[in-house]
Structure formats: C-alpha cells, structure tokens
Amino acid sequence: MSILAWIEDQRKLKILNAPKYNHPTSDGSRGLWTRCDNCGVILYVKHLKKNQHLCFGCGYHIQMNSHEKIEHLIDSGTWRSLDEMLSPSDPLEFSDQKSYPERLKEAQERTGLQDAVQTGTGLLYGIPVALGVMDFNFMGGSMGSVVGEKITRLIEYATEKGLTLILVSASGGARMQEGILSLMQMAKISAALQVYQSCANLLYISVLTSPTTGGVTASFAMLGDLIMAEPKALIGFAGRRVIEQTLQEQLPEDFQTSEYLLHHGLLDLIVPRSFLKQALSEMITLYKEAPFKNSGFIPSDVIRYSRRNRFNLLTEEQSNRKSSQKWKIWLQNSKVTGLSVTSNG
C-alpha cells in the first residue's frame with residue numbers, strides 16, 4: 001500500500017468515526033438565517049418568527065410549522081390536543097431507498113410530531129373552536145391513515161360538541177407509502193364532513209396555505225363552507241408541468257396561485273396572515289348571530305367516538321397493532337392466491 005492510499009484510508013476512517021451533530025427535534029430550527037423564496041432577501045430567523053414569518057422585504061408568506069400556526073391562531077393557554085399519541089404503522093411493508101418506518105422515525109425526530117397533522121380544541125378570541133393544522137415539514141404534509149383518522153375524529157368531536165371547525169391545510173397530497181389506504185382517507189373525511197355540514201348544520205372554515213395539492217385539495221380542503229387562503233399560496237391538484245404536457249399549452253404565470261383561484265371562483269377570501277385570526281373571529285361571530293338558521297341533528301349511527309367510549313393510550317396502541325397485523329395477513333394470503341395489490345399514491 002502506498003503512503004497516499006494509507007493517508008486516504010485514514011481520512012475516510014476519521015470522517016466515519018466523527019461524532020454526528022444532532023439537530024433539535026422539536027423546535028423546527030433552520031439556523032440563524034434564512035432566505036426569502038420570493039425576493040431572495042436574507043432574513044434573521046429570530047426576527048422572522050416575531051413577524052409571523054412574513055418577509056421584511058416583499059411581504060411574502062414564508063412557511064410556518066404547525067406549532068407556530070397554532071400559537072398564532074389560538075389564545076395562549078387554551079390549546080388542548082386530541083389524539084396526539086396516534087402513530088402510523090407500516091401495513092404494506094413499503095420500501096424505496098429507505099423503508100417507510102425509517103422515514104417516519106426521521107420525520108418524528110425532526111419535527112417532534114407523530115404524524116403530519118395536529119388536532120385539538122382551543123379558544124380563538126374567546127370563541128371555542130376545533131382546529132386541525134397540517135405540518136408540511138413532516139413528509140411533505142402527506143395524508144396517510146393517521147392524518148385521515150385524526151381529522152375524522154376531530155370532525156366527529158366538533159359535531160358532537162357543536163364546535164366551529166377550522167382546518168389549516170399544507171400538504172403534498174396522499175402518502176404513497178400507504179397506497180390505497182391513504183386514498184381511502186379522502187372519502188372517510190368527506191363523509192364525516194357531510195354529517196357535520198349537512199346534518200348538524202355547523203360551520204366549517206378551510207384555510208389553505210402554501211402548498212395545498214393532491215388528494216387534500218381533492219377532498220376536505222375544498223369542501224369548506226368558507227374557503228380562505230394566504231396570498232400567493234400554491235394551490236392545485238396535479239403539477240403545473242403535468243398539466244402543460246397534457247394540454248400542450250403554456251399556462252399563465254399566476255396559474256395555481258390563490259389569486260388565480262379567487263378570480264375563477266374557487267376561493268371566497270384571500271387573507272394576509274397578520275389578519276387571519278381577526279378575520280376568522282369575525283366570520284364565526286357573524287355566523288353565530290345570523291338569523292333564520294335551521295337547527296341541525298346528529299344521526300345516531302355515525303358518531304363512533306362518543307365521550308364514554310374513546311380510546312385511551314393503551315387500547316389505542318393495541319388497536320393499531322391489531323389492524324396492522326390483519327393487513328399483513330391479508331397481503332400474505334393475497335400473494336398466495338395470486339391476487340395483486342397495486343395503487344398510485
């Protein structure tokens with residue numbers, strides 16, 4: 001072995017044995033400085049957080065995590081989380097460059113969340129609301145079984161308690177690692193919303209932030225009684241390039257922005273982040289004081305999780321493991337009998 005080869009081997013060993021720096025798991029820190037995606041101005045993160053992540057140069061709405069959105073919308077000390085220990089499993093045993101459990105573990109350590117949505121109740125300027133907030137930092141805010149289940153439970157709880165429902169979306173769509181199971185969540189959430197809106201006659205406000213795409217746009221994000229969005233938010237179903245290649249046409253520059261959707265009647269309001277809490281409060285107050293409202297009802301066969309039979313942490317985990325085991329047995333039987341299970345996430 002030459003001296004150069006020995007030096008190279010020692011360098012590689014030194015790199016491999018070097019201690020790795022562990023980033024904070026729950027504060028979503030991106031360092032001291034960041035850059036605006038719109039104008040390119042360098043921004044001090046500490047000052048940016050105090051300004052609700054609005055660029056000082058151009059006013060662009062920079063992405064916030066779910067903790068920051070909850071802190072911005074809910075009165076201090078009133079937030080009560082629901083189903084926070086509900087965690088995903090891997091029924092399809094999905095693997096690409098990494099296995100699905102590995103990707104989940106990385107996202108959980110990085111964000112401090114169990115999955116891509118936080119749900120709970122709190123006060124918004126003293127008004128009790130049920131709030132669900134998606135977090136794009138967790139696997140692109142993708143909607144899997146846990147996201148669908150937590151949002152469905154939140155809707156059912158809001159229906160039972162007569163609370164105004166607010167869902168803040170930020171998602172890349174359905175989670176491909178869960179295949180058809182993730183697509184099933186679209187129908188499940190929509191069915192729960194139908195009872196909430198059409199039977200109980202309660203108010204559902206959908207708030208769209210950038211980006212809101214795919215299966216989330218195709219389901220609960222666009223089903224609100226009132227649909228609001230942040231300025232210049234990316235909102236759509238398929239990607240811009242896919243649509244251009246399909247239509248063989250050049251799309252407008254502002255295509256799939258909140259301004260474009262408002263112009264074509266798909267949104268009700270565009271509200272800057274600094275006025276969002278006040279706007280929500282005024283809309284809820286206006287709804288509550290409106291005359292000639294029809295009283296709603298709750299069908300007895302649709303509320304699955306009443307106060308007396310909600311899962312505790314132990315039964316929740318037992319149920320998760322049991323469901324995961326059933327899926328694995330079903331998949332094994334499908335392989336034996338020659339059935340194929342395919343899906344586009």
# chains A, B, ... in the order shown; residues from 1 in each chain; ligands from 1
$ residues_around --residues "Gly40 of chain A" --least-positions-apart "2" --cutoff "12 Å" --atoms "only C-alpha atoms" --output "PyMOL selection string"
chain A and resi 34-38+42-43+55-60+62
$ select_by_dssp --residues "segment 157-255 of chain A" --states "helix (DSSP H, G or I)" --output "ChimeraX atom specification"
/A:157-161,176-178,180-199,214-217,220-222,240-247
$ write_last_selection --atoms "N, CA and C atoms" --output "compact mmCIF listing (two decimals), in the first residue's frame"
# COMPACT_ATOMS: atom_id res chain seq x y z
N TYR A 157 -65.84 14.90 16.77
CA TYR A 157 -65.87 15.55 18.08
C TYR A 157 -66.52 16.93 17.97
N ALA A 158 -66.17 17.68 16.92
CA ALA A 158 -66.78 19.00 16.71
C ALA A 158 -68.28 18.88 16.47
N THR A 159 -68.69 17.83 15.77
CA THR A 159 -70.12 17.58 15.53
C THR A 159 -70.84 17.31 16.83
N GLU A 160 -70.24 16.48 17.67
CA GLU A 160 -70.85 16.10 18.94
C GLU A 160 -70.96 17.29 19.89
N LYS A 161 -69.93 18.15 19.88
CA LYS A 161 -69.90 19.28 20.82
C LYS A 161 -70.45 20.57 20.23
N MET A 176 -47.83 8.10 -0.57
CA MET A 176 -47.68 6.94 -1.46
C MET A 176 -47.25 5.69 -0.70
N GLN A 177 -46.57 5.86 0.44
CA GLN A 177 -46.10 4.69 1.18
C GLN A 177 -47.23 3.86 1.77
N GLU A 178 -48.44 4.42 1.81
CA GLU A 178 -49.58 3.68 2.34
C GLU A 178 -50.58 3.31 1.25
N ILE A 180 -53.36 2.49 -1.30
CA ILE A 180 -54.80 2.70 -1.33
C ILE A 180 -55.35 3.13 0.02
N LEU A 181 -54.66 2.77 1.11
CA LEU A 181 -55.12 3.16 2.44
C LEU A 181 -55.13 4.67 2.60
N SER A 182 -54.15 5.34 2.01
CA SER A 182 -54.12 6.80 2.10
C SER A 182 -55.23 7.42 1.26
N LEU A 183 -55.54 6.83 0.12
CA LEU A 183 -56.61 7.36 -0.72
C LEU A 183 -57.99 7.19 -0.07
N MET A 184 -58.13 6.14 0.73
CA MET A 184 -59.40 5.92 1.44
C MET A 184 -59.73 7.06 2.40
N GLN A 185 -58.69 7.76 2.88
CA GLN A 185 -58.93 8.84 3.85
C GLN A 185 -59.72 9.98 3.23
N MET A 186 -59.59 10.19 1.91
CA MET A 186 -60.34 11.25 1.24
C MET A 186 -61.84 11.05 1.40
N ALA A 187 -62.30 9.83 1.16
CA ALA A 187 -63.73 9.53 1.27
C ALA A 187 -64.18 9.54 2.72
N LYS A 188 -63.32 9.05 3.63
CA LYS A 188 -63.70 8.98 5.04
C LYS A 188 -63.90 10.38 5.63
N ILE A 189 -62.96 11.28 5.35
CA ILE A 189 -63.07 12.65 5.86
C ILE A 189 -64.27 13.36 5.23
N SER A 190 -64.47 13.15 3.93
CA SER A 190 -65.59 13.80 3.24
C SER A 190 -66.93 13.33 3.79
N ALA A 191 -67.02 12.04 4.15
CA ALA A 191 -68.27 11.51 4.73
C ALA A 191 -68.54 12.13 6.09
N ALA A 192 -67.48 12.30 6.90
CA ALA A 192 -67.65 12.92 8.21
C ALA A 192 -68.06 14.39 8.06
N LEU A 193 -67.51 15.07 7.06
CA LEU A 193 -67.87 16.46 6.81
C LEU A 193 -69.32 16.61 6.35
N GLN A 194 -69.80 15.63 5.61
CA GLN A 194 -71.18 15.69 5.13
C GLN A 194 -72.15 15.69 6.31
N VAL A 195 -71.86 14.87 7.31
CA VAL A 195 -72.70 14.84 8.51
C VAL A 195 -72.58 16.16 9.26
N TYR A 196 -71.35 16.64 9.39
CA TYR A 196 -71.09 17.88 10.14
C TYR A 196 -71.79 19.08 9.49
N GLN A 197 -71.71 19.18 8.17
CA GLN A 197 -72.25 20.35 7.48
C GLN A 197 -73.73 20.22 7.16
N SER A 198 -74.12 19.06 6.63
CA SER A 198 -75.49 18.92 6.10
C SER A 198 -76.50 18.46 7.14
N CYS A 199 -76.04 17.67 8.12
CA CYS A 199 -76.97 17.20 9.16
C CYS A 199 -76.94 18.11 10.39
N GLY A 214 -52.78 17.86 -4.48
CA GLY A 214 -53.10 16.43 -4.50
C GLY A 214 -54.41 16.08 -3.83
N GLY A 215 -54.39 14.95 -3.11
CA GLY A 215 -55.61 14.41 -2.51
C GLY A 215 -56.22 15.29 -1.44
N VAL A 216 -55.44 16.14 -0.80
CA VAL A 216 -56.00 17.06 0.19
C VAL A 216 -56.86 18.11 -0.51
N THR A 217 -56.35 18.66 -1.62
CA THR A 217 -57.15 19.61 -2.41
C THR A 217 -58.41 18.93 -2.94
N PHE A 220 -61.06 17.39 1.57
CA PHE A 220 -61.60 18.31 2.58
C PHE A 220 -61.16 19.75 2.41
N ALA A 221 -60.03 20.01 1.75
CA ALA A 221 -59.55 21.39 1.64
C ALA A 221 -60.52 22.28 0.85
N MET A 222 -61.23 21.71 -0.12
CA MET A 222 -62.14 22.50 -0.96
C MET A 222 -63.61 22.28 -0.62
N ARG A 240 -47.97 21.62 -12.31
CA ARG A 240 -48.03 22.52 -13.46
C ARG A 240 -47.47 21.86 -14.71
N ARG A 241 -46.33 21.18 -14.59
CA ARG A 241 -45.68 20.57 -15.75
C ARG A 241 -46.54 19.46 -16.34
N VAL A 242 -47.19 18.67 -15.46
CA VAL A 242 -48.07 17.59 -15.93
C VAL A 242 -49.23 18.15 -16.74
N ILE A 243 -49.81 19.23 -16.25
CA ILE A 243 -50.95 19.84 -16.95
C ILE A 243 -50.51 20.42 -18.29
N GLU A 244 -49.36 21.09 -18.32
CA GLU A 244 -48.87 21.66 -19.58
C GLU A 244 -48.59 20.58 -20.62
N GLN A 245 -48.01 19.47 -20.18
CA GLN A 245 -47.72 18.39 -21.12
C GLN A 245 -48.99 17.70 -21.60
N THR A 246 -50.01 17.64 -20.73
CA THR A 246 -51.27 17.01 -21.12
C THR A 246 -52.05 17.88 -22.11
N LEU A 247 -52.12 19.18 -21.81
CA LEU A 247 -52.90 20.10 -22.65
C LEU A 247 -52.12 20.63 -23.84
$ select_by_dssp --residues "segment 182-319 of chain A" --states "strand (DSSP E)" --output "list of chain:residue names"
A:Tyr204, A:Ile205, A:Ser206, A:Val207, A:Leu208, A:Thr209, A:Ser210, A:Pro211, A:Thr212, A:Leu226, A:Ile227, A:Met228, A:Ala229, A:Leu269, A:Ile270
$ closest_residue --among "A:Cys39, A:Ile70, A:Leu165, A:Ala200" --to "Gly296 of chain A" --atoms "only C-alpha atoms"
A:Ala200
$ closest_residue --among "A:Val147, A:Ile7, A:Ala130, A:Leu54" --to "Ser81 of chain A" --atoms "only C-alpha atoms"
A:Ala130
$ closest_residue --among "A:His61, A:Ser281, A:Pro252, A:Met85" --to "Ile166 of chain A" --atoms "only C-alpha atoms"
A:Ser281
$ atom_distance --atom1 "atom CA of Val45 of chain A" --atom2 "atom CA of Met143 of chain A"
28.5 Å
$ atom_distance --atom1 "atom CA of Gln52 of chain A" --atom2 "atom CA of Asp268 of chain A"
22.9 Å
$ residues_around --residues "Ser171 of chain A" --least-positions-apart "4" --cutoff "6 Å" --atoms "only C-alpha atoms" --output "VMD selection string"
chain A and resid 136 140 to 142 212
$ closest_residue --among "A:Asp90, A:Glu230, A:Glu282, A:Asp135" --to "Ser258 of chain A" --atoms "only C-alpha atoms"
A:Glu230
$ residues_around --residues "segment 112-120 of chain A" --least-positions-apart "2" --cutoff "10 Å" --atoms "only C-alpha atoms" --output "VMD selection string"
chain A and resid 24 to 28 66 to 67 70 79 to 88 104 to 110 122 129 to 148 150 to 151 153 to 155 157 to 158 166 to 171
